[in-house]
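Engineer: Here you go, this is input.pdb (PDB, C-alpha atoms).
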MODEL        1
ATOM      1  CA  MET B   1       0.000   0.000   0.000  1.00  0.00           C
ATOM      2  CA  ALA B   2       1.412   3.360  -1.033  1.00  0.00           C
ATOM      3  CA  THR B   3       1.608   6.224   1.407  1.00  0.00           C
ATOM      4  CA  MET B   4       1.703   9.953   0.869  1.00  0.00           C
ATOM      5  CA  VAL B   5       5.503   9.968   0.962  1.00  0.00           C
ATOM      6  CA  ASP B   6       5.716   7.664  -2.095  1.00  0.00           C
ATOM      7  CA  ILE B   7       3.909  10.106  -4.423  1.00  0.00           C
ATOM      8  CA  PRO B   8       5.345  13.342  -5.885  1.00  0.00           C
ATOM      9  CA  VAL B   9       4.331  16.314  -3.731  1.00  0.00           C
ATOM     10  CA  LYS B  10       2.786  18.501  -6.448  1.00  0.00           C
ATOM     11  CA  THR B  11       0.519  15.800  -7.841  1.00  0.00           C
ATOM     12  CA  TYR B  12      -0.519  14.662  -4.378  1.00  0.00           C
ATOM     13  CA  LEU B  13      -1.363  18.196  -3.236  1.00  0.00           C
ATOM     14  CA  ASP B  14      -3.450  18.773  -6.378  1.00  0.00           C
ATOM     15  CA  LYS B  15      -5.430  15.604  -5.704  1.00  0.00           C
ATOM     16  CA  LEU B  16      -5.781  16.476  -1.994  1.00  0.00           C
ATOM     17  CA  LYS B  17      -6.976  19.986  -2.904  1.00  0.00           C
ATOM     18  CA  GLU B  18      -9.779  18.532  -5.022  1.00  0.00           C
ATOM     19  CA  GLU B  19     -10.828  16.199  -2.199  1.00  0.00           C
ATOM     20  CA  LEU B  20     -10.840  19.039   0.353  1.00  0.00           C
ATOM     21  CA  LYS B  21     -13.090  21.095  -1.947  1.00  0.00           C
ATOM     22  CA  LYS B  22     -15.692  18.338  -1.621  1.00  0.00           C
ATOM     23  CA  ASN B  23     -15.630  18.525   2.197  1.00  0.00           C
ATOM     24  CA  GLU B  24     -18.383  20.755   3.588  1.00  0.00           C
ATOM     25  CA  ASN B  25     -16.381  21.803   6.687  1.00  0.00           C
ATOM     26  CA  ILE B  26     -13.570  23.371   4.672  1.00  0.00           C
ATOM     27  CA  LYS B  27     -14.619  26.523   2.889  1.00  0.00           C
ATOM     28  CA  GLU B  28     -13.091  29.856   2.005  1.00  0.00           C
ATOM     29  CA  PRO B  29     -13.917  32.608   4.506  1.00  0.00           C
ATOM     30  CA  GLU B  30     -15.112  35.949   3.211  1.00  0.00           C
ATOM     31  CA  PHE B  31     -11.864  37.737   4.107  1.00  0.00           C
ATOM     32  CA  SER B  32      -9.762  35.413   1.938  1.00  0.00           C
ATOM     33  CA  LYS B  33     -10.555  37.406  -1.210  1.00  0.00           C
ATOM     34  CA  PHE B  34      -8.712  40.476   0.049  1.00  0.00           C
ATOM     35  CA  VAL B  35      -6.000  39.282   2.427  1.00  0.00           C
ATOM     36  CA  LYS B  36      -2.286  38.710   1.799  1.00  0.00           C
ATOM     37  CA  THR B  37      -0.789  35.448   3.014  1.00  0.00           C
ATOM     38  CA  GLY B  38       1.971  37.236   4.925  1.00  0.00           C
ATOM     39  CA  THR B  39       3.747  40.559   5.410  1.00  0.00           C
ATOM     40  CA  ASN B  40       6.447  39.440   2.986  1.00  0.00           C
ATOM     41  CA  ARG B  41       3.926  39.451   0.104  1.00  0.00           C
ATOM     42  CA  GLU B  42       2.983  42.488  -1.941  1.00  0.00           C
ATOM     43  CA  ARG B  43      -0.444  41.316  -3.101  1.00  0.00           C
ATOM     44  CA  ALA B  44      -3.143  38.781  -2.386  1.00  0.00           C
ATOM     45  CA  PRO B  45      -2.822  35.370  -4.099  1.00  0.00           C
ATOM     46  CA  ILE B  46      -3.791  35.187  -7.761  1.00  0.00           C
ATOM     47  CA  GLN B  47      -5.258  31.664  -7.794  1.00  0.00           C
ATOM     48  CA  LYS B  48      -8.986  31.387  -7.176  1.00  0.00           C
ATOM     49  CA  ASP B  49      -8.606  28.240  -5.048  1.00  0.00           C
ATOM     50  CA  TRP B  50      -5.546  29.289  -3.041  1.00  0.00           C
ATOM     51  CA  TRP B  51      -7.366  28.568   0.231  1.00  0.00           C
ATOM     52  CA  PHE B  52      -7.655  24.882  -0.632  1.00  0.00           C
ATOM     53  CA  ILE B  53      -4.054  24.742  -1.840  1.00  0.00           C
ATOM     54  CA  ARG B  54      -2.883  26.144   1.508  1.00  0.00           C
ATOM     55  CA  SER B  55      -5.260  23.831   3.403  1.00  0.00           C
ATOM     56  CA  SER B  56      -3.892  20.761   1.650  1.00  0.00           C
ATOM     57  CA  SER B  57      -0.334  21.906   2.308  1.00  0.00           C
ATOM     58  CA  VAL B  58      -1.063  22.529   6.006  1.00  0.00           C
ATOM     59  CA  LEU B  59      -2.694  19.098   6.306  1.00  0.00           C
ATOM     60  CA  ARG B  60       0.363  17.513   4.694  1.00  0.00           C
ATOM     61  CA  GLN B  61       2.693  19.319   7.132  1.00  0.00           C
ATOM     62  CA  VAL B  62       0.649  18.141  10.122  1.00  0.00           C
ATOM     63  CA  TYR B  63       0.806  14.582   8.745  1.00  0.00           C
ATOM     64  CA  LEU B  64       4.589  14.725   8.323  1.00  0.00           C
ATOM     65  CA  LYS B  65       5.672  16.772  11.362  1.00  0.00           C
ATOM     66  CA  GLY B  66       2.792  16.558  13.829  1.00  0.00           C
ATOM     67  CA  PRO B  67       2.247  17.536  16.574  1.00  0.00           C
ATOM     68  CA  ILE B  68       2.971  20.973  15.155  1.00  0.00           C
ATOM     69  CA  GLY B  69       1.725  24.381  16.242  1.00  0.00           C
ATOM     70  CA  VAL B  70       0.653  27.564  14.520  1.00  0.00           C
ATOM     71  CA  ASN B  71       3.991  29.298  15.091  1.00  0.00           C
ATOM     72  CA  LYS B  72       6.030  26.596  13.352  1.00  0.00           C
ATOM     73  CA  LEU B  73       3.572  26.592  10.471  1.00  0.00           C
ATOM     74  CA  ARG B  74       3.902  30.386  10.230  1.00  0.00           C
ATOM     75  CA  VAL B  75       7.663  29.963   9.902  1.00  0.00           C
ATOM     76  CA  ARG B  76       7.205  27.162   7.352  1.00  0.00           C
ATOM     77  CA  PHE B  77       4.976  29.273   5.089  1.00  0.00           C
ATOM     78  CA  GLY B  78       6.850  32.551   5.634  1.00  0.00           C
ATOM     79  CA  GLY B  79       9.470  34.041   3.340  1.00  0.00           C
ATOM     80  CA  LYS B  80      11.866  36.857   2.646  1.00  0.00           C
ATOM     81  CA  LYS B  81      10.567  40.331   1.902  1.00  0.00           C
ATOM     82  CA  ASN B  82      12.081  42.463  -0.845  1.00  0.00           C
ATOM     83  CA  ARG B  83      12.874  45.753   0.879  1.00  0.00           C
ATOM     84  CA  GLY B  84      14.555  47.553  -2.016  1.00  0.00           C
ATOM     85  CA  ASP B  85      18.128  48.644  -1.305  1.00  0.00           C
ATOM     86  CA  VAL B  86      18.001  47.318   2.247  1.00  0.00           C
ATOM     87  CA  PRO B  87      18.891  43.613   2.641  1.00  0.00           C
ATOM     88  CA  GLU B  88      16.036  41.115   2.639  1.00  0.00           C
ATOM     89  CA  ARG B  89      14.588  39.971   5.935  1.00  0.00           C
ATOM     90  CA  PHE B  90      12.530  36.882   6.830  1.00  0.00           C
ATOM     91  CA  TYR B  91       8.892  37.413   7.822  1.00  0.00           C
ATOM     92  CA  LYS B  92       6.426  34.835   9.105  1.00  0.00           C
ATOM     93  CA  ALA B  93       3.195  33.992   7.293  1.00  0.00           C
ATOM     94  CA  SER B  94      -0.207  35.153   8.480  1.00  0.00           C
ATOM     95  CA  GLY B  95      -1.299  33.411  11.669  1.00  0.00           C
ATOM     96  CA  LYS B  96      -5.009  34.090  11.137  1.00  0.00           C
ATOM     97  CA  ILE B  97      -5.043  32.109   7.887  1.00  0.00           C
ATOM     98  CA  ILE B  98      -3.220  29.128   9.373  1.00  0.00           C
ATOM     99  CA  ARG B  99      -5.323  29.180  12.563  1.00  0.00           C
ATOM    100  CA  THR B 100      -8.551  29.269  10.559  1.00  0.00           C
ATOM    101  CA  ILE B 101      -7.398  26.396   8.341  1.00  0.00           C
ATOM    102  CA  LEU B 102      -6.442  24.334  11.392  1.00  0.00           C
ATOM    103  CA  GLN B 103      -9.849  25.003  12.962  1.00  0.00           C
ATOM    104  CA  GLN B 104     -11.599  23.900   9.768  1.00  0.00           C
ATOM    105  CA  LEU B 105      -9.489  20.739   9.591  1.00  0.00           C
ATOM    106  CA  GLU B 106     -10.371  20.035  13.240  1.00  0.00           C
ATOM    107  CA  LYS B 107     -14.053  20.476  12.415  1.00  0.00           C
ATOM    108  CA  ALA B 108     -13.616  17.971   9.571  1.00  0.00           C
ATOM    109  CA  GLU B 109     -12.008  15.637  12.161  1.00  0.00           C
ATOM    110  CA  PHE B 110      -8.753  15.239  10.213  1.00  0.00           C
ATOM    111  CA  ILE B 111      -6.602  16.700  13.012  1.00  0.00           C
ATOM    112  CA  GLU B 112      -6.883  17.222  16.767  1.00  0.00           C
ATOM    113  CA  LYS B 113      -5.119  19.207  19.502  1.00  0.00           C
ATOM    114  CA  GLU B 114      -2.508  17.530  21.661  1.00  0.00           C
ATOM    115  CA  ASP B 115      -1.677  19.202  24.967  1.00  0.00           C
ATOM    116  CA  LYS B 116      -0.425  16.238  27.005  1.00  0.00           C
ATOM    117  CA  ASN B 117       3.124  15.657  25.787  1.00  0.00           C
ATOM    118  CA  VAL B 118       6.162  17.899  25.589  1.00  0.00           C
ATOM    119  CA  HIS B 119       5.319  18.895  22.005  1.00  0.00           C
ATOM    120  CA  LYS B 120       1.989  20.674  21.934  1.00  0.00           C
ATOM    121  CA  GLY B 121       0.066  21.380  18.766  1.00  0.00           C
ATOM    122  CA  ARG B 122      -2.109  19.646  16.191  1.00  0.00           C
ATOM    123  CA  LYS B 123      -1.675  16.020  15.209  1.00  0.00           C
ATOM    124  CA  MET B 124      -3.444  13.710  12.784  1.00  0.00           C
ATOM    125  CA  THR B 125      -6.437  11.668  13.865  1.00  0.00           C
ATOM    126  CA  ASN B 126      -6.974   8.111  12.699  1.00  0.00           C
ATOM    127  CA  LYS B 127      -9.650   9.384  10.317  1.00  0.00           C
ATOM    128  CA  GLY B 128      -7.206  11.914   8.872  1.00  0.00           C
ATOM    129  CA  LYS B 129      -4.433   9.350   8.442  1.00  0.00           C
ATOM    130  CA  SER B 130      -6.737   6.907   6.703  1.00  0.00           C
ATOM    131  CA  PHE B 131      -8.061   9.705   4.462  1.00  0.00           C
ATOM    132  CA  MET B 132      -4.536  10.669   3.395  1.00  0.00           C
ATOM    133  CA  ASP B 133      -3.403   7.065   2.913  1.00  0.00           C
ATOM    134  CA  LYS B 134      -6.516   6.088   0.938  1.00  0.00           C
ATOM    135  CA  LEU B 135      -5.963   9.061  -1.332  1.00  0.00           C
ATOM    136  CA  ALA B 136      -2.347   8.024  -1.868  1.00  0.00           C
ATOM    137  CA  SER B 137      -3.208   4.385  -2.530  1.00  0.00           C
ATOM    138  CA  SER B 138      -5.989   5.325  -4.975  1.00  0.00           C
ATOM    139  CA  PHE B 139      -3.542   7.558  -6.805  1.00  0.00           C
ATOM    140  CA  SER B 140      -0.933   4.799  -7.014  1.00  0.00           C
ATOM    141  CA  ASN B 141      -3.561   2.271  -8.155  1.00  0.00           C
ATOM    142  CA  LYS B 142      -4.594   4.603 -10.989  1.00  0.00           C
ATOM    143  CA  THR B 143      -1.003   5.056 -12.129  1.00  0.00           C
ATOM    144  CA  GLN B 144      -0.413   1.289 -12.011  1.00  0.00           C
ATOM    145  CA  LYS B 145      -3.539   0.691 -14.122  1.00  0.00           C
ATOM    146  CA  GLU B 146      -2.453   3.357 -16.597  1.00  0.00           C
ATOM    147  CA  GLU B 147       1.000   1.763 -16.850  1.00  0.00           C
ATOM    148  CA  GLN B 148      -0.563  -1.660 -17.399  1.00  0.00           C
ATOM    149  CA  ASP B 149      -2.936  -0.248 -20.029  1.00  0.00           C
ATOM    150  CA  GLY B 150      -0.003   1.448 -21.735  1.00  0.00           C
ATOM    151  CA  GLU B 151       1.966  -1.809 -21.720  1.00  0.00           C
ATOM    152  CA  SER B 152      -0.970  -3.761 -23.151  1.00  0.00           C
ATOM    153  CA  LYS B 153      -1.394  -1.150 -25.913  1.00  0.00           C
ATOM    154  CA  ASN B 154       2.310  -1.372 -26.693  1.00  0.00           C
ATOM    155  CA  THR B 155       2.179  -5.160 -26.891  1.00  0.00           C
ATOM    156  CA  LYS B 156      -0.859  -4.974 -29.195  1.00  0.00           C
ATOM    157  CA  GLN B 157       0.949  -2.495 -31.426  1.00  0.00           C
ATOM    158  CA  LYS B 158       4.039  -4.722 -31.488  1.00  0.00           C
ATOM    159  CA  ALA B 159       1.893  -7.734 -32.376  1.00  0.00           C
ATOM    160  CA  LYS B 160       0.312  -5.791 -35.258  1.00  0.00           C
ATOM    161  CA  ALA B 161       3.735  -4.748 -36.498  1.00  0.00           C
ATOM    162  CA  VAL B 162       4.961  -8.365 -36.399  1.00  0.00           C
ATOM    163  CA  LYS B 163       1.890  -9.562 -38.329  1.00  0.00           C
ATOM    164  CA  GLU B 164       2.386  -6.857 -40.973  1.00  0.00           C
ATOM    165  CA  GLU B 165       6.031  -7.829 -41.376  1.00  0.00           C
ATOM    166  CA  GLN B 166       5.079 -11.501 -41.721  1.00  0.00           C
ATOM    167  CA  ALA B 167       2.426 -10.600 -44.303  1.00  0.00           C
ATOM    168  CA  ASN B 168       5.000  -8.727 -46.425  1.00  0.00           C
TER     169      ASN B 168
ENDMDL
END
Here is a file; write its structure as structure tokens.
Structural biologist:
Amino acid sequence: MATMVDIPVKTYLDKLKEELKKNENIKEPEFSKFVKTGTNRERAPIQKDWWFIRSSSVLRQVYLKGPIGVNKLRVRFGGKKNRGDVPERFYKASGKIIRTILQQLEKAEFIEKEDKNVHKGRKMTNKGKSFMDKLASSFSNKTQKEEQDGESKNTKQKAKAVKEEQAN
């Protein structure tokens, strides 16, 4: 069974984004149309579905590094700001966006808070882990079927070529 780590990140996040769009608990808030994702950015995101892209990325980070808190996620999604002649400086991402996404993922029961151990923050629930792993295994099954279909087409084409050569 394939896990999330076995699949390329970009393709997995695209598939996860589409699945999160189907979930009724995860939706774009009204402020997301106007807000920047951090102080290091000049403008708001261009993509229409940037909220779901960020949500899928946050969910992936919680899966990989959980328990993880808002502050570490702010650092993870932050970046350097172009300040003109002055040297660049690192700025954290917006905490409101990450907090809201984490609350929505908690509502969808993919993650939960952990306060007991030394590392506090959000961690994956069993439902969230199974959701991520099922998505990864379905993706790998599709690619295996496509590879098998491609191989069967190639063998059919080779068989046709052999028959044509024998006929000539």
Engineer: Please list as a ChimeraX atom specification every residue within 12 Å of Thr100 of chain B, counting all atoms listed in the file and excluding residues in the same chain fewer than 2 positions away.
Structural biologist: /B:25-32,51,54-55,58,70,94-98,102-107
Engineer: State, in Å with one decimal place, the distance from atom CA of Leu20 of chain B to atom CA of Lys72 of chain B.
Structural biologist: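 About the pair atom CA of Leu20 of chain B and atom CA of Lys72 of chain B: they are 22.6 Å apart.
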Engineer: Could you check how far atom CA of Ile68 of chain B sits from atom CA of Ile53 of chain B, in Å to one decimal?
Structural biologist: 18.8 Å
Engineer: My list of candidates is B:Gly128, B:Gly69, B:Pro45, B:Gly38. Which is closest to Phe90 of chain B when distances are computed with all atoms listed in the file?
Structural biologist: B:Gly38
Engineer: Residues around (3.2, 12.4, 9.8), cut-off 12 Å, counting all atoms listed in the file - what are they as JSON, numbers by chain?
Structural biologist: {"B": [3, 4, 5, 58, 59, 60, 61, 62, 63, 64, 65, 66, 67, 68, 111, 122, 123, 124, 125, 126, 128, 129, 130, 132, 133]}
Engineer: Expand the PyMOL selection byres ((chain B and resi 11) around 12) into the explicit residue set it covers here, and present it as a PDB file with C-alpha atoms, keeping the file's coordinate frame.
Structural biologist:
ATOM      1  CA  MET B   4       1.703   9.953   0.869  1.00  0.00           C
ATOM      2  CA  VAL B   5       5.503   9.968   0.962  1.00  0.00           C
ATOM      3  CA  ASP B   6       5.716   7.664  -2.095  1.00  0.00           C
ATOM      4  CA  ILE B   7       3.909  10.106  -4.423  1.00  0.00           C
ATOM      5  CA  PRO B   8       5.345  13.342  -5.885  1.00  0.00           C
ATOM      6  CA  VAL B   9       4.331  16.314  -3.731  1.00  0.00           C
ATOM      7  CA  LYS B  10       2.786  18.501  -6.448  1.00  0.00           C
ATOM      8  CA  TYR B  12      -0.519  14.662  -4.378  1.00  0.00           C
ATOM      9  CA  LEU B  13      -1.363  18.196  -3.236  1.00  0.00           C
ATOM     10  CA  ASP B  14      -3.450  18.773  -6.378  1.00  0.00           C
ATOM     11  CA  LYS B  15      -5.430  15.604  -5.704  1.00  0.00           C
ATOM     12  CA  LEU B  16      -5.781  16.476  -1.994  1.00  0.00           C
ATOM     13  CA  LYS B  17      -6.976  19.986  -2.904  1.00  0.00           C
ATOM     14  CA  GLU B  18      -9.779  18.532  -5.022  1.00  0.00           C
ATOM     15  CA  ILE B  53      -4.054  24.742  -1.840  1.00  0.00           C
ATOM     16  CA  SER B  56      -3.892  20.761   1.650  1.00  0.00           C
ATOM     17  CA  SER B  57      -0.334  21.906   2.308  1.00  0.00           C
ATOM     18  CA  LEU B 135      -5.963   9.061  -1.332  1.00  0.00           C
ATOM     19  CA  ALA B 136      -2.347   8.024  -1.868  1.00  0.00           C
ATOM     20  CA  PHE B 139      -3.542   7.558  -6.805  1.00  0.00           C
ATOM     21  CA  SER B 140      -0.933   4.799  -7.014  1.00  0.00           C
ATOM     22  CA  THR B 143      -1.003   5.056 -12.129  1.00  0.00           C
TER      23      THR B 143
END
Engineer: Show which residues sit within 10 Å of Thr39 of chain B, as a list in words. Count only C-alpha atoms, and ignore same-chain residues fewer than 4 positions away.
Structural biologist: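 My reading of the contact set: Arg43, Gly78, Gly79, Lys80, Lys81, Phe90, Tyr91, Lys92, Ala93 and Ser94 of chain B.
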Engineer: For a test of reading the model, state the distance in Å between atom CA of Ser138 of chain B and atom CA of Glu19 of chain B, rounded to one decimal.
Structural biologist: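 Taking atom CA of Ser138 of chain B as the start and atom CA of Glu19 of chain B as the end point, the length is 12.2 Å.
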